[in-house]
Amino acid sequence: MDEIYAIIPVSKFKNAKTRLSPFLNEQEREDILKAMLKDVTDALKECVDKIILISSDEDVLDYAHKLNIDTLKENENSNLNKALHQAMDYCKDKVEKIVITPSDIPLIGKTNINLLIEQGKTIDFMIIPSKGGGTNLLLIEPNAIPVKFGDFSFISHIKEATEKEITPYIQDSFFIALDVNTTEDLGEIMVHGNNTETKNFLKSLNIKVESIHGSNRLKVTRK
């Protein structure tokens, strides 16, 4: 049983990514979420045996079906970490390893994700942090640790692994570390995201990016 499944939790398309407003309106934020999810799933389809998207939102589940990926309806009165354990329970008798990623890391295909996952099959615990101290990829046996996604989850996951006497393998990846939450993140996609759905969508909005020297590295504008 050497297959590996990917788990992607998604909350809702509506009213998401509010930190990107008013630069992007509600419909544009929904559309960029769809573009990012497609980029993530396209990259993972090349190197995992199945993708499981879990959500409580019917719009998200319907869109996942259009992407030809498997879905789980999130239990009632759940939250992100409960949903992930629900998905891992579904996977535990089917595969030895699962990889958990968020849906908003559209540059994942720019790294050698296939090599990372192949390495992960021989490692008990692989983790890639986000640039803000979160976790943007976790490759483990299902339910090997209690997942603690949220603020500074990278530290929490390392602590959980240590307490379980699991040696964490920390992998750095600029592209996977970039989750999209701010307008400057959009600029990073414009710079690095050639041939992604997400960059193509941003270009359709006439978004421009300039390099600057200040508290922010990039100036992001739209006509």
# chains A, B, ... in the order shown; residues from 1 in each chain; ligands from 1
$ residues_around --residues "stretch 79-91 of chain A" --least-positions-apart "6" --cutoff "7 Å" --atoms "only C-alpha atoms" --output "list in words"
Pro9, Ile54, Pro142, Asn143, Val147, Lys148 and Phe149 of chain A
$ closest_residue --among "A:Lys34, A:Lys159, A:Lys219, A:Lys208" --to "A:Pro146" --atoms "only C-alpha atoms"
A:Lys159
$ closest_residue --among "A:Glu210, A:Glu76, A:Asp93, A:Asp39" --to "A:Glu184" --atoms "only C-alpha atoms"
A:Glu210
$ select_by_dssp --residues "chain A" --states "strand (DSSP E or B)" --output "ChimeraX atom specification"
/A:4-9,50-55,70-73,97-100,125-129,135-140,169-170,207-211,218-222
$ atom_distance --atom1 "atom CA of A:Glu118" --atom2 "atom CA of A:Ser55"
27.1 Å
$ atom_distance --atom1 "atom CA of A:Asn136" --atom2 "atom CA of A:Arg222"
28.3 Å
$ residues_around --residues "A:Glu3" --least-positions-apart "2" --cutoff "10 Å" --atoms "only C-alpha atoms" --output "PyMOL selection string"
chain A and resi 1+5+48-50+94-98+121
$ residues_around --residues "A:Ser173" --least-positions-apart "5" --cutoff "12 Å" --atoms "only C-alpha atoms" --output "number ranges by chain"
A: 105, 107-113, 116, 127-131, 135-137, 178-179
$ write_last_selection --atoms "C-alpha atoms" --output "mmCIF file, in the first residue's frame"
data_model
loop_
_atom_site.group_PDB
_atom_site.id
_atom_site.type_symbol
_atom_site.label_atom_id
_atom_site.label_comp_id
_atom_site.auth_asym_id
_atom_site.auth_seq_id
_atom_site.Cartn_x
_atom_site.Cartn_y
_atom_site.Cartn_z
ATOM 1 C CA ILE A 105 -0.567 28.202 -3.014
ATOM 2 C CA LEU A 107 2.953 28.405 -7.376
ATOM 3 C CA ILE A 108 3.166 24.836 -6.048
ATOM 4 C CA GLY A 109 3.659 23.605 -9.613
ATOM 5 C CA LYS A 110 6.781 25.745 -9.952
ATOM 6 C CA THR A 111 8.651 23.525 -7.527
ATOM 7 C CA ASN A 112 9.541 19.866 -8.049
ATOM 8 C CA ILE A 113 6.526 18.648 -6.148
ATOM 9 C CA LEU A 116 9.226 16.175 -2.751
ATOM 10 C CA ILE A 127 6.748 19.852 6.589
ATOM 11 C CA ILE A 128 7.053 23.015 4.502
ATOM 12 C CA PRO A 129 6.329 26.273 6.330
ATOM 13 C CA SER A 130 4.492 29.270 4.956
ATOM 14 C CA LYS A 131 6.213 32.626 4.954
ATOM 15 C CA THR A 135 2.153 25.213 7.386
ATOM 16 C CA ASN A 136 1.739 24.973 3.619
ATOM 17 C CA LEU A 137 2.553 21.299 3.152
ATOM 18 C CA LEU A 178 3.710 31.709 -0.844
ATOM 19 C CA ASP A 179 0.050 31.613 0.112
#
$ residues_around --residues "A:Thr18" --least-positions-apart "2" --cutoff "12 Å" --atoms "only C-alpha atoms" --output "JSON, numbers by chain"
{"A": [12, 13, 14, 15, 16, 20, 21, 22, 23, 24, 25, 26, 27, 28, 29, 30, 33, 180, 181, 182, 183]}
$ residues_around --residues "A:Ile32" --least-positions-apart "4" --cutoff "10 Å" --atoms "only C-alpha atoms" --output "PyMOL selection string"
chain A and resi 13+17+24+27-28+36-38+104+106+180+197-202
$ write_last_selection --atoms "C-alpha atoms" --output "short mmCIF file (atom, residue, chain, number, x, y, z; two decimals), in the first residue's frame"
data_model
loop_
_atom_site.label_atom_id
_atom_site.label_comp_id
_atom_site.auth_asym_id
_atom_site.auth_seq_id
_atom_site.Cartn_x
_atom_site.Cartn_y
_atom_site.Cartn_z
CA PHE A 13 -15.70 30.89 -1.90
CA LYS A 17 -9.84 36.55 1.29
CA LEU A 24 -10.51 42.81 -5.52
CA GLN A 27 -16.69 38.12 -7.31
CA GLU A 28 -13.04 38.63 -8.19
CA MET A 36 -5.66 28.98 -7.31
CA LEU A 37 -7.47 25.74 -6.53
CA LYS A 38 -7.11 24.67 -10.15
CA ASP A 104 -4.15 29.13 -2.04
CA PRO A 106 -0.81 28.59 -6.81
CA VAL A 180 -2.00 34.49 -1.22
CA GLU A 197 -4.41 30.05 -14.04
CA THR A 198 -3.92 32.55 -11.24
CA LYS A 199 -1.56 34.83 -13.14
CA ASN A 200 -3.74 34.63 -16.23
CA PHE A 201 -6.71 35.73 -14.15
CA LEU A 202 -4.78 38.63 -12.60
#
$ closest_residue --among "A:Leu139, A:Ile100, A:Leu186, A:Val209" --to "A:Val40" --atoms "only C-alpha atoms"
A:Ile100
$ select_by_dssp --residues "stretch 1-106 of chain A" --states "helix (DSSP H, G or I)" --output "PyMOL selection string"
chain A and resi 18-20+26-45+58-66+80-91
$ closest_residue --among "A:Ile140, A:Ala161, A:Thr221, A:Pro102" --to "A:Ala177" --atoms "only C-alpha atoms"
A:Pro102
